[in-house]
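So this one's work-v9.txt, compact mmCIF, C-alpha atoms (C1' of nucleotides):
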# COMPACT_ATOMS: atom_id res chain seq x y z
CA MET L 99 32.19 0.50 54.95
CA GLN L 100 30.06 3.61 54.54
CA ALA L 101 28.93 2.52 51.09
CA LEU L 102 27.50 -0.73 52.47
CA ILE L 103 25.59 1.11 55.18
CA GLU L 104 24.14 3.54 52.70
CA HIS L 105 23.24 0.69 50.38
CA LEU L 106 21.33 -1.18 53.10
CA GLN L 107 19.65 1.97 54.40
CA SER L 108 18.39 2.75 50.92
CA PHE L 109 15.98 -0.16 51.35
CA ILE L 110 14.92 0.17 55.00
CA PRO L 111 16.37 2.46 57.70
CA LEU L 112 18.35 0.63 60.35
CA ASP L 113 19.20 1.86 63.84
CA VAL L 114 22.70 2.18 65.26
CA ILE L 115 22.59 -1.09 67.16
CA GLU L 116 21.59 -3.00 64.05
CA LEU L 117 24.22 -1.31 61.94
CA ASN L 118 26.92 -2.11 64.46
CA MET L 119 25.88 -5.74 64.57
CA ILE L 120 26.16 -5.93 60.81
CA LEU L 121 29.50 -4.11 60.69
CA SER L 122 30.93 -6.38 63.37
CA LYS L 123 30.40 -9.32 61.01
CA ALA L 124 31.58 -7.58 57.86
CA THR L 125 35.16 -8.03 56.73
CA LYS L 126 36.86 -5.72 54.29
CA LYS L 127 39.29 -7.31 51.86
CA THR L 128 41.54 -6.21 49.05
CA VAL L 129 41.62 -8.31 45.91
CA LYS L 130 44.04 -8.22 43.04
CA ARG L 131 43.20 -8.47 39.38
CA LYS L 132 42.47 -12.08 38.31
CA GLN L 133 42.08 -13.20 41.92
CA MET L 134 39.31 -15.76 42.51
CA LEU L 135 36.61 -15.25 45.12
CA VAL L 136 34.87 -18.52 44.36
CA GLN L 137 36.14 -21.59 42.55
CA GLU L 138 34.37 -24.59 41.13
CA GLY L 139 34.42 -27.43 43.64
CA PHE L 140 34.61 -25.20 46.70
CA VAL L 141 31.69 -24.03 48.81
CA CYS L 142 30.82 -20.35 48.49
CA LYS L 143 31.11 -19.32 52.12
CA TYR L 144 30.71 -15.57 51.78
CA TYR L 145 28.11 -13.09 50.65
CA THR L 146 30.17 -10.45 48.87
CA PHE L 147 29.55 -6.73 48.42
CA VAL L 148 31.71 -4.75 45.99
CA LEU L 149 33.17 -1.50 47.33
CA LYS L 150 35.52 -0.95 44.45
CA GLY L 151 36.48 -2.91 41.36
CA CYS L 152 34.76 -5.09 38.84
CA PHE L 153 34.01 -8.81 39.01
CA ARG L 154 32.62 -11.53 36.83
CA MET L 155 30.92 -14.80 37.62
CA TYR L 156 31.26 -17.60 35.09
CA ALA L 157 30.78 -21.30 34.49
CA LEU L 158 33.03 -23.67 32.58
CA ASP L 159 31.57 -26.16 30.08
CA GLU L 160 32.89 -29.59 29.07
CA ARG L 161 34.96 -28.08 26.28
CA GLY L 162 36.65 -25.67 28.68
CA ASN L 163 34.82 -22.57 27.48
CA GLU L 164 33.88 -19.89 29.98
CA HIS L 165 30.38 -18.43 30.10
CA ASN L 166 29.83 -15.21 32.02
CA LEU L 167 26.67 -15.15 34.11
CA GLN L 168 27.05 -11.79 35.80
CA PHE L 169 29.23 -8.77 36.21
CA ALA L 170 29.32 -6.80 39.46
CA ALA L 171 30.84 -3.41 40.14
CA GLU L 172 30.56 -0.82 42.93
CA ASN L 173 27.59 -1.26 45.30
CA ASP L 174 26.53 -4.57 43.90
CA TRP L 175 26.45 -8.05 45.42
CA ILE L 176 28.07 -11.12 43.91
CA SER L 177 27.92 -14.62 45.34
CA ASP L 178 26.94 -18.09 44.23
CA LEU L 179 23.62 -18.24 46.06
CA ASP L 180 23.08 -21.87 45.14
CA SER L 181 26.28 -22.98 46.83
CA PHE L 182 25.99 -20.43 49.65
CA TYR L 183 22.57 -21.60 50.80
CA SER L 184 22.80 -25.29 49.96
CA GLY L 185 26.34 -25.70 51.27
CA LYS L 186 27.17 -27.74 48.18
CA PRO L 187 30.36 -27.16 46.20
CA SER L 188 30.03 -24.38 43.68
CA LYS L 189 29.85 -25.00 39.95
CA LEU L 190 30.94 -21.44 39.29
CA PHE L 191 33.90 -19.10 39.43
CA ILE L 192 34.00 -15.50 40.58
CA GLU L 193 37.03 -13.58 39.42
CA ALA L 194 38.22 -9.99 39.76
CA ILE L 195 38.43 -8.25 36.39
CA GLU L 196 40.16 -5.31 38.13
CA SER L 197 41.88 -5.04 41.47
CA GLY L 198 39.43 -3.81 44.07
CA VAL L 199 37.98 -3.85 47.56
CA ILE L 200 35.11 -5.98 48.81
CA ILE L 201 33.17 -6.59 52.00
CA GLN L 202 32.33 -10.15 52.91
CA ILE L 203 29.95 -11.67 55.42
CA GLU L 204 30.37 -15.29 56.34
CA GLN L 205 27.49 -17.72 55.98
CA GLN L 206 27.00 -18.45 59.69
CA ASP L 207 27.26 -14.76 60.54
CA LEU L 208 24.70 -13.81 57.93
CA TYR L 209 22.29 -16.44 59.26
CA SER L 210 22.72 -15.06 62.74
CA LEU L 211 22.13 -11.54 61.46
CA PHE L 212 18.95 -12.70 59.73
CA THR L 213 17.76 -14.11 63.05
CA HIS L 214 18.58 -11.08 65.15
CA ILE L 215 17.62 -8.39 62.64
CA PRO L 216 14.30 -9.31 61.00
CA LYS L 217 14.47 -6.23 58.78
CA LEU L 218 17.52 -7.70 57.13
CA ASN L 219 15.43 -10.52 55.67
CA ARG L 220 13.24 -7.91 54.07
CA ILE L 221 16.22 -6.06 52.69
CA PHE L 222 17.81 -9.16 51.23
CA LYS L 223 14.45 -10.28 49.90
CA VAL L 224 14.25 -7.05 47.91
CA ILE L 225 17.85 -7.35 46.73
CA VAL L 226 17.23 -10.85 45.39
CA GLU L 227 13.94 -9.79 43.83
CA HIS L 228 15.80 -7.15 41.85
CA LYS L 229 18.37 -9.67 40.71
CA PHE L 230 15.58 -12.04 39.78
CA ILE L 231 13.87 -9.41 37.64
CA GLU L 232 17.19 -8.62 36.00
CA PHE L 233 17.71 -12.27 35.11
CA GLN L 234 14.16 -12.67 33.91
CA ASN L 235 14.73 -9.80 31.51
CA ARG L 236 17.96 -11.37 30.44
CA VAL L 237 16.23 -14.66 29.64
CA LEU L 238 13.66 -12.74 27.64
CA GLN L 239 16.44 -11.04 25.68
CA ASN L 240 18.15 -14.36 25.07
CA ILE L 241 15.08 -16.11 23.72
CA SER L 242 13.67 -13.21 21.73
CA SER L 243 16.51 -11.06 20.39
CA THR L 244 19.34 -11.27 17.94
CA ALA L 245 22.93 -10.94 19.17
CA GLU L 246 23.19 -7.39 17.85
CA GLN L 247 20.09 -6.30 19.75
CA ARG L 248 21.38 -7.97 22.90
CA TYR L 249 24.67 -6.13 22.56
CA LEU L 250 22.99 -2.75 22.08
CA ASN L 251 20.77 -3.49 25.04
CA PHE L 252 23.81 -4.33 27.16
CA LEU L 253 25.47 -1.03 26.20
CA GLU L 254 22.33 0.85 27.21
CA GLN L 255 21.82 -1.01 30.44
CA TYR L 256 25.35 -0.93 31.81
CA PRO L 257 27.00 2.20 30.35
CA PRO L 258 29.25 2.89 33.35
CA ILE L 259 30.96 -0.50 33.37
CA VAL L 260 31.10 -1.25 29.64
CA GLN L 261 34.49 0.43 29.19
CA ARG L 262 35.93 -1.54 32.08
CA ILE L 263 35.13 -4.96 30.62
CA PRO L 264 37.04 -6.53 27.71
CA ASN L 265 34.90 -7.34 24.68
CA THR L 266 35.77 -11.00 25.01
CA GLN L 267 34.01 -10.99 28.36
CA ILE L 268 31.01 -9.15 27.00
CA ALA L 269 30.75 -11.66 24.15
CA SER L 270 30.79 -14.49 26.67
CA TYR L 271 28.05 -12.74 28.67
CA LEU L 272 25.92 -12.34 25.55
CA GLY L 273 26.41 -15.95 24.55
CA ILE L 274 28.35 -15.32 21.34
CA THR L 275 31.96 -15.73 20.22
CA PRO L 276 34.43 -12.80 20.45
CA GLU L 277 34.87 -13.00 16.67
CA PHE L 278 31.18 -12.53 16.07
CA LEU L 279 30.95 -9.63 18.52
CA SER L 280 33.80 -8.03 16.62
CA LYS L 281 31.81 -8.36 13.43
CA ILE L 282 28.73 -6.86 15.07
CA ARG L 283 30.76 -3.88 16.25
CA LYS L 284 32.13 -3.37 12.77
CA ASP L 285 28.64 -3.46 11.25
CA LEU L 286 27.37 -1.00 13.84
CA SER L 287 30.16 1.48 13.19
CA LYS L 288 29.40 1.25 9.48
CA LYS L 289 25.76 2.08 10.19
CA GLN L 290 26.85 5.03 12.31
CA ASN L 291 28.96 6.53 9.54
CA SER L 292 26.38 6.18 6.80
CA MET Y 32 -5.87 -24.24 50.92
CA GLN Y 33 -4.03 -27.08 52.63
CA ALA Y 34 -1.45 -27.22 49.87
CA LEU Y 35 -0.50 -23.58 50.42
CA ILE Y 36 -0.12 -24.11 54.15
CA GLU Y 37 2.08 -27.16 53.63
CA HIS Y 38 4.12 -25.28 51.06
CA LEU Y 39 4.81 -22.39 53.42
CA GLN Y 40 5.49 -24.66 56.39
CA SER Y 41 8.07 -26.55 54.36
CA PHE Y 42 10.29 -23.48 54.68
CA ILE Y 43 9.62 -22.37 58.25
CA PRO Y 44 6.97 -23.63 60.69
CA LEU Y 45 4.18 -21.12 61.35
CA ASP Y 46 1.83 -21.05 64.31
CA VAL Y 47 -1.95 -21.14 64.10
CA ILE Y 48 -2.40 -17.41 64.51
CA GLU Y 49 0.00 -16.69 61.68
CA LEU Y 50 -1.59 -19.28 59.43
CA ASN Y 51 -5.04 -17.84 60.04
CA MET Y 52 -3.83 -14.36 59.24
CA ILE Y 53 -2.47 -15.60 55.97
CA LEU Y 54 -5.56 -17.62 55.08
CA SER Y 55 -7.80 -14.65 55.85
CA LYS Y 56 -6.07 -12.78 53.04
CA ALA Y 57 -5.91 -15.65 50.57
CA THR Y 58 -8.62 -15.96 47.94
CA LYS Y 59 -9.28 -19.14 46.03
CA LYS Y 60 -10.29 -18.79 42.41
CA THR Y 61 -11.20 -21.05 39.53
CA VAL Y 62 -9.74 -20.28 36.12
CA LYS Y 63 -10.69 -21.64 32.73
CA ARG Y 64 -8.33 -22.69 29.98
CA LYS Y 65 -6.92 -19.69 28.08
CA GLN Y 66 -8.01 -17.29 30.81
CA MET Y 67 -5.56 -14.44 31.57
CA LEU Y 68 -4.30 -13.70 35.09
CA VAL Y 69 -2.13 -10.79 34.02
CA GLN Y 70 -2.23 -8.70 30.85
CA GLU Y 71 0.22 -6.28 29.32
CA GLY Y 72 -0.64 -2.74 30.32
CA PHE Y 73 -2.34 -3.70 33.59
CA VAL Y 74 -0.72 -3.76 37.02
CA CYS Y 75 -0.11 -7.21 38.49
CA LYS Y 76 -2.05 -6.85 41.74
CA TYR Y 77 -1.83 -10.41 42.99
CA TYR Y 78 0.78 -12.88 44.10
CA THR Y 79 -0.53 -16.17 42.72
CA PHE Y 80 -0.10 -19.72 43.99
CA VAL Y 81 -1.15 -22.62 41.79
CA LEU Y 82 -3.31 -25.29 43.46
CA LYS Y 83 -4.22 -27.07 40.25
CA GLY Y 84 -3.58 -26.50 36.58
CA CYS Y 85 -0.77 -25.24 34.43
CA PHE Y 86 0.11 -21.67 33.52
CA ARG Y 87 2.53 -19.83 31.33
CA MET Y 88 3.99 -16.34 31.51
CA TYR Y 89 5.02 -14.70 28.25
CA ALA Y 90 6.03 -11.45 26.61
CA LEU Y 91 5.05 -10.15 23.21
CA ASP Y 92 7.66 -8.64 20.87
CA GLU Y 93 7.18 -5.95 18.21
CA ARG Y 94 6.41 -8.55 15.56
CA GLY Y 95 3.68 -10.06 17.69
CA ASN Y 96 5.59 -13.20 18.63
CA GLU Y 97 5.09 -14.70 22.08
CA HIS Y 98 8.07 -15.69 24.24
CA ASN Y 99 7.45 -17.92 27.24
CA LEU Y 100 9.37 -16.93 30.33
CA GLN Y 101 8.01 -19.45 32.80
CA PHE Y 102 5.61 -22.29 33.30
CA ALA Y 103 3.97 -22.93 36.65
CA ALA Y 104 2.02 -25.95 37.83
CA GLU Y 105 0.87 -27.31 41.19
CA ASN Y 106 2.54 -25.76 44.27
CA ASP Y 107 4.38 -23.10 42.36
CA TRP Y 108 4.08 -19.32 42.37
CA ILE Y 109 3.53 -17.19 39.29
CA SER Y 110 3.35 -13.40 39.25
CA ASP Y 111 5.01 -10.51 37.49
CA LEU Y 112 7.22 -9.41 40.36
CA ASP Y 113 8.41 -6.33 38.51
CA SER Y 114 4.89 -4.96 38.10
CA PHE Y 115 3.71 -6.26 41.49
CA TYR Y 116 6.40 -4.46 43.48
CA SER Y 117 6.87 -1.37 41.33
CA GLY Y 118 3.16 -0.82 40.73
CA LYS Y 119 3.93 -0.15 37.08
CA PRO Y 120 1.86 -1.70 34.27
CA SER Y 121 3.01 -5.18 33.39
CA LYS Y 122 4.82 -5.94 30.16
CA LEU Y 123 3.83 -9.58 30.45
CA PHE Y 124 0.91 -11.97 30.14
CA ILE Y 125 0.02 -14.90 32.38
CA GLU Y 126 -2.36 -17.38 30.80
CA ALA Y 127 -3.89 -20.68 31.89
CA ILE Y 128 -2.77 -23.56 29.66
CA GLU Y 129 -5.30 -25.79 31.44
CA SER Y 130 -8.32 -24.99 33.57
CA GLY Y 131 -7.33 -24.92 37.21
CA VAL Y 132 -7.54 -23.47 40.69
CA ILE Y 133 -5.34 -20.77 42.19
CA ILE Y 134 -4.90 -18.87 45.43
CA GLN Y 135 -4.25 -15.15 45.22
CA ILE Y 136 -3.07 -12.61 47.76
CA GLU Y 137 -3.54 -8.95 47.01
CA GLN Y 138 -0.58 -6.59 47.06
CA GLN Y 139 -1.68 -4.50 50.06
CA ASP Y 140 -2.60 -7.63 52.00
CA LEU Y 141 0.76 -9.23 51.31
CA TYR Y 142 2.56 -6.10 52.47
CA SER Y 143 0.55 -6.12 55.67
CA LEU Y 144 1.33 -9.81 56.17
CA PHE Y 145 5.05 -9.08 55.69
CA THR Y 146 4.79 -6.43 58.42
CA HIS Y 147 2.89 -8.56 60.92
CA ILE Y 148 4.62 -11.88 60.25
CA PRO Y 149 8.39 -11.32 60.00
CA LYS Y 150 8.94 -15.00 59.22
CA LEU Y 151 7.03 -14.52 56.01
CA ASN Y 152 9.79 -12.26 54.68
CA ARG Y 153 12.21 -15.05 55.26
CA ILE Y 154 9.98 -17.57 53.51
CA PHE Y 155 9.45 -15.36 50.48
CA LYS Y 156 13.13 -14.51 50.43
CA VAL Y 157 13.88 -18.21 50.06
CA ILE Y 158 11.17 -18.69 47.43
CA VAL Y 159 12.60 -15.89 45.31
CA GLU Y 160 16.14 -17.16 45.84
CA HIS Y 161 15.10 -20.50 44.37
CA LYS Y 162 13.49 -18.79 41.40
CA PHE Y 163 16.62 -16.72 40.97
CA ILE Y 164 18.85 -19.79 40.91
CA GLU Y 165 16.49 -21.42 38.42
CA PHE Y 166 16.72 -18.41 36.11
CA GLN Y 167 20.47 -18.16 36.52
CA ASN Y 168 20.75 -21.75 35.34
CA ARG Y 169 18.43 -20.98 32.49
CA VAL Y 170 20.63 -18.06 31.38
CA LEU Y 171 23.62 -20.36 31.54
CA GLN Y 172 21.83 -22.87 29.34
CA ASN Y 173 20.87 -20.17 26.88
CA ILE Y 174 24.35 -18.77 26.48
CA SER Y 175 26.23 -22.06 26.51
CA SER Y 176 24.09 -24.78 24.95
CA THR Y 177 22.63 -25.70 21.62
CA ALA Y 178 18.86 -25.89 21.22
CA GLU Y 179 18.92 -29.69 21.32
CA GLN Y 180 20.79 -29.71 24.64
CA ARG Y 181 18.38 -27.13 26.06
CA TYR Y 182 15.44 -29.27 25.00
CA LEU Y 183 16.90 -32.41 26.59
CA ASN Y 184 17.63 -30.44 29.72
CA PHE Y 185 14.05 -29.20 29.82
CA LEU Y 186 12.73 -32.75 29.55
CA GLU Y 187 14.96 -33.82 32.44
CA GLN Y 188 14.14 -30.88 34.64
CA TYR Y 189 10.36 -30.79 34.26
CA PRO Y 190 9.30 -34.37 33.51
CA PRO Y 191 5.90 -34.11 35.26
CA ILE Y 192 4.63 -31.14 33.28
CA VAL Y 193 6.19 -31.84 29.88
CA GLN Y 194 3.21 -33.87 28.68
CA ARG Y 195 0.81 -31.12 29.68
CA ILE Y 196 2.46 -28.43 27.55
CA PRO Y 197 2.10 -28.25 23.75
CA ASN Y 198 5.41 -28.39 21.87
CA THR Y 199 4.77 -24.97 20.42
CA GLN Y 200 4.89 -23.57 23.95
CA ILE Y 201 8.03 -25.49 24.80
CA ALA Y 202 9.71 -24.16 21.66
CA SER Y 203 8.82 -20.63 22.67
CA TYR Y 204 10.27 -21.27 26.15
CA LEU Y 205 13.50 -22.57 24.63
CA GLY Y 206 13.76 -19.62 22.28
CA ILE Y 207 13.38 -21.56 19.03
CA THR Y 208 10.67 -21.96 16.38
CA PRO Y 209 8.17 -24.84 16.58
CA GLU Y 210 9.48 -26.07 13.23
CA PHE Y 211 12.98 -26.34 14.53
CA LEU Y 212 11.87 -28.13 17.69
CA SER Y 213 10.07 -30.59 15.47
CA LYS Y 214 13.29 -31.24 13.59
CA ILE Y 215 15.18 -31.72 16.86
CA ARG Y 216 12.61 -34.26 18.03
CA LYS Y 217 12.91 -36.13 14.75
CA ASP Y 218 16.70 -36.24 15.01
CA LEU Y 219 16.49 -37.43 18.61
CA SER Y 220 14.12 -40.28 17.77
CA LYS Y 221 16.49 -41.35 14.96
CA LYS Y 222 19.35 -41.46 17.45
CA GLN Y 223 17.23 -43.51 19.84
CA ASN Y 224 16.50 -46.15 17.22
CA SER Y 225 20.03 -46.55 15.97
C1' DC D 127 60.40 -2.72 26.26
C1' DG D 128 58.56 -7.34 25.48
C1' DA D 129 55.44 -11.16 26.17
C1' DA D 130 50.84 -12.29 26.49
C1' DA D 131 46.24 -11.28 25.72
C1' DA D 132 42.56 -8.96 23.17
C1' DT D 133 40.74 -7.67 18.83
C1' DT D 134 40.10 -7.96 14.03
C1' DT D 135 39.65 -10.24 9.49
C1' DG D 136 38.25 -13.60 6.10
C1' DA D 137 36.89 -18.25 4.30
C1' DC D 138 34.11 -21.78 5.29
C1' DA D 139 30.80 -24.77 8.08
C1' DT D 140 26.70 -25.39 10.79
C1' DG D 141 22.67 -23.96 13.55
C1' DA D 142 18.44 -21.97 13.34
C1' DC D 143 14.71 -19.25 10.89
C1' DT D 144 11.18 -18.45 7.17
C1' DC D 145 7.68 -19.73 4.36
C1' DA D 146 4.59 -22.64 2.29
C1' DA D 147 2.58 -26.99 1.96
C1' DC D 148 1.12 -31.18 3.99
C1' DT D 149 -0.53 -34.49 7.80
C1' DG D 150 -3.15 -36.01 11.41
C1' DG D 151 -5.81 -35.86 15.37
C1' DA D 152 -9.56 -33.26 18.50
C1' DG D 153 -13.58 -31.10 18.74
C1' DT D 154 -18.25 -29.70 16.82
C1' DG D 155 -22.42 -29.65 14.57
C1' DG D 156 -25.53 -32.08 11.58
C1' DC T 91 -21.56 -41.68 13.31
C1' DC T 92 -19.91 -38.90 9.65
C1' DA T 93 -18.11 -34.77 7.57
C1' DC T 94 -16.01 -30.67 8.57
C1' DT T 95 -13.05 -27.40 10.46
C1' DC T 96 -9.26 -26.09 13.09
C1' DC T 97 -5.04 -26.21 15.14
C1' DA T 98 -0.70 -28.54 16.51
C1' DG T 99 2.82 -30.86 14.48
C1' DT T 100 5.79 -32.15 10.52
C1' DT T 101 8.57 -31.72 6.21
C1' DG T 102 11.56 -29.64 2.90
C1' DA T 103 13.87 -25.88 0.27
C1' DG T 104 16.15 -21.78 0.59
C1' DT T 105 18.19 -18.10 3.53
C1' DC T 106 20.21 -15.74 7.35
C1' DA T 107 22.62 -15.82 11.86
C1' DT T 108 26.30 -17.39 14.23
C1' DG T 109 30.30 -20.60 15.01
C1' DT T 110 35.04 -22.42 13.76
C1' DC T 111 39.62 -22.04 12.63
C1' DA T 112 43.75 -19.84 11.44
C1' DA T 113 46.34 -15.77 10.81
C1' DA T 114 47.41 -10.80 11.18
C1' DT T 115 47.27 -6.77 14.09
C1' DT T 116 46.77 -4.05 18.10
C1' DT T 117 46.57 -3.32 22.96
C1' DT T 118 47.65 -4.16 27.66
C1' DC T 119 50.27 -5.00 31.67
C1' DG T 120 54.10 -6.48 34.04

Could you write out this file's structure as structure tokens?
Amino acid sequence: MQALIEHLQSFIPLDVIELNMILSKATKKTVKRKQMLVQEGFVCKYYTFVLKGCFRMYALDERGNEHNLQFAAENDWISDLDSFYSGKPSKLFIEAIESGVIIQIEQQDLYSLFTHIPKLNRIFKVIVEHKFIEFQNRVLQNISSTAEQRYLNFLEQYPPIVQRIPNTQIASYLGITPEFLSKIRKDLSKKQNS
Amino acid sequence: MQALIEHLQSFIPLDVIELNMILSKATKKTVKRKQMLVQEGFVCKYYTFVLKGCFRMYALDERGNEHNLQFAAENDWISDLDSFYSGKPSKLFIEAIESGVIIQIEQQDLYSLFTHIPKLNRIFKVIVEHKFIEFQNRVLQNISSTAEQRYLNFLEQYPPIVQRIPNTQIASYLGITPEFLSKIRKDLSKKQNS
DNA sequence: CGAAAATTTGACATGACTCAACTGGAGTGG
DNA sequence: CCACTCCAGTTGAGTCATGTCAAATTTTCG
């Protein structure tokens, strides 16, 4: 749980009482590879923090294709905020790419923490702001760059987790087919060697 | 200013003292068509609420092409959060598509309001969460749908402002060329009539 | 080790861009 | 009120980016 505490404190210092309140509502869980944290049709009842492992969030289209919206590894949050806050069934899936360990806080508990620890609103406001900025940049990439540029940008931006994610998943994240990503990688390695 | 008050109250009720504190920091401004609220290279010093008018936020690429990230009309917020919170020069532009009226709160003032009115953190947390969800859906659209589907989805999602935005701007928002949007519109009208 | 999944490859099809030319309003000044 | 410009929108031909499908190959994990 130490990682969570350090993560929260990196935004605003919290005193012992506050930390204990938070910890009392936080549940540690082990998840196996391919296990689902959230499934389409079910309400996302937990706010999830990753202690160890690697996760992906994706949506399914009419044709049955998966589209990755986010990856999350150590010290990152992953939840379907839409479902979590609206209480409506999720349209998304969250799956473990690797076995790992997470910390979850239940919806009602998080609300109660927000009420009793005003600072926590500020902390979560900042966390969401960062995610928002990340997604805004991603939209910009999507509407302005070619697939090759997007791939290079992804490699730059997430070097530590790139090796842990299959290319198929990266292709899905970039919005291209695995075959086309394969071609891009081939072209890039040619450029390298020339 | 009434619209701003109603907007904020729609999240959490505020008492008179709090409202007056907020209003004392809020400045109303008139902007003309094509006027810039934020420019690349300058720090975004204000959080902006739209009372009247229509705005667009865009980035410029190396080739000089504009890429629209967001539109904002009545009762919506538009600011470069990245620049606003980091204090770094913006990489974006915010321009008035129509003449209008806005309310702005300066960075330091907003920070002080966050400190004195804890509820305000909660309100702005929710506002950003909604924006985040909106952008997450937009990313999903971008990576999973064809340009025609994205255009139809845009028409559905923003019916009130569609007529106020030139097609060129919509094309830029969708990540396609104006010529291609024109072709899509032609194809759609054919389908309608058959 | 062996089955299942991920990656690669190539031929072909389609989506989307580029460029240049044309069309048709919406101002603007005479 | 006309003539003019100017800009958004349209059209079409040619090109490039990316998708589809099917098959071969390699890797991964149980």

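The list of residues with at least one atom within 10 Å of Tyr182 of chain Y, based on only C-alpha atoms (C1' of nucleotides) and without residues fewer than 2 positions apart in the same chain, reads Ser176, Thr177, Ala178, Glu179, Gln180, Asn184, Phe185, Leu186, Glu187, Gln188, Ile201, Ala202, Tyr204, Leu205, Ile207, Leu212, Ile215 and Arg216 of chain Y.
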
Would you save the residues of that selection, restricted to C-alpha atoms, as a short mmCIF file (atom, residue, chain, number, x, y, z; two decimals), keeping the file's coordinate frame?
data_model
loop_
_atom_site.label_atom_id
_atom_site.label_comp_id
_atom_site.auth_asym_id
_atom_site.auth_seq_id
_atom_site.Cartn_x
_atom_site.Cartn_y
_atom_site.Cartn_z
CA SER Y 176 24.09 -24.78 24.95
CA THR Y 177 22.63 -25.70 21.62
CA ALA Y 178 18.86 -25.89 21.22
CA GLU Y 179 18.92 -29.69 21.32
CA GLN Y 180 20.79 -29.71 24.64
CA ASN Y 184 17.63 -30.44 29.72
CA PHE Y 185 14.05 -29.20 29.82
CA LEU Y 186 12.73 -32.75 29.55
CA GLU Y 187 14.96 -33.82 32.44
CA GLN Y 188 14.14 -30.88 34.64
CA ILE Y 201 8.03 -25.49 24.80
CA ALA Y 202 9.71 -24.16 21.66
CA TYR Y 204 10.27 -21.27 26.15
CA LEU Y 205 13.50 -22.57 24.63
CA ILE Y 207 13.38 -21.56 19.03
CA LEU Y 212 11.87 -28.13 17.69
CA ILE Y 215 15.18 -31.72 16.86
CA ARG Y 216 12.61 -34.26 18.03
#

Proximal residues of chain D relative to chain L (all atoms listed in the file; 9 Å) as a PyMOL selection string: chain D and resi 132-135

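Near chain L, the residues of chain T that fall inside 9 Å (using all atoms listed in the file) are T:DA107, T:DT108, T:DG109.
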
Within 9 Å of chain L, which residues of chain Y are there when counting all atoms listed in the file? Please give them as a PyMOL selection string. chain Y and resi 89-90+92+96-100+111-113+145+149-150+152-153+155-157+159-164+166-171+173-175+203-207

Between atom CA of Glu104 of chain L and atom CA of Gln138 of chain Y, what is the distance, to one decimal in Å?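 Separating atom CA of Glu104 of chain L from atom CA of Gln138 of chain Y is a distance of 27.3 Å.
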
DC119 of chain T surroundings by all atoms listed in the file, 10 Å radius, close-in-sequence under 3 positions cut, as a list of chain:residue names: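 Near neighbours after the sequence-gap exclusion: D:DA129, D:DA130, D:DA131.
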
Between atom CA of Ala103 of chain Y and atom CA of Asp140 of chain Y - distance in Å to one decimal: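 Here the two named atoms are 22.6 Å from each other.
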
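The nearest approach to Cys152 of chain L among the residues L:Ala171, L:Ile263, L:Met134, L:Leu208, with only C-alpha atoms taken into account, belongs to L:Ala171.
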
Rounded to one decimal place, report the atom CA of Val136 of chain L-atom CA of Glu193 of chain L distance in Å.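 Here the two named atoms are 7.3 Å from each other.
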
If we count all atoms listed in the file and set the cut-off at 12 Å, which residues sit around Gln137 of chain L, ignoring sequence neighbours fewer than 3 positions away in its own chain? Please answer as a list in words.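 Selected residues are Gln133, Met134, Phe140, Val141, Cys142, Lys143, Met155, Tyr156, Ala157, Leu158, Ser177, Asp178, Ser181, Pro187, Ser188, Lys189, Leu190, Phe191, Ile192 and Glu193 of chain L.
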
Write out as a PDB file with C-alpha atoms (C1' of nucleotides), in the coordinates of the input each polymer residue whose atoms come within 12 Å of DG151 of chain D, counting only C-alpha atoms (C1' of nucleotides); drop sequence neighbours fewer than 4 positions from it.
ATOM      1  C1'  DC T  96      -9.260 -26.090  13.090  1.00  0.00           C
ATOM      2  C1'  DC T  97      -5.040 -26.210  15.140  1.00  0.00           C
ATOM      3  C1'  DA T  98      -0.700 -28.540  16.510  1.00  0.00           C
ATOM      4  C1'  DG T  99       2.820 -30.860  14.480  1.00  0.00           C
TER       5       DG T  99
END

Who sits within 12 Å of Met119 of chain L, only C-alpha atoms (C1' of nucleotides), same chain under 4 positions skipped, as a PyMOL selection string: chain L and resi 103+112-115+123-124+203+207-208+210-215+218
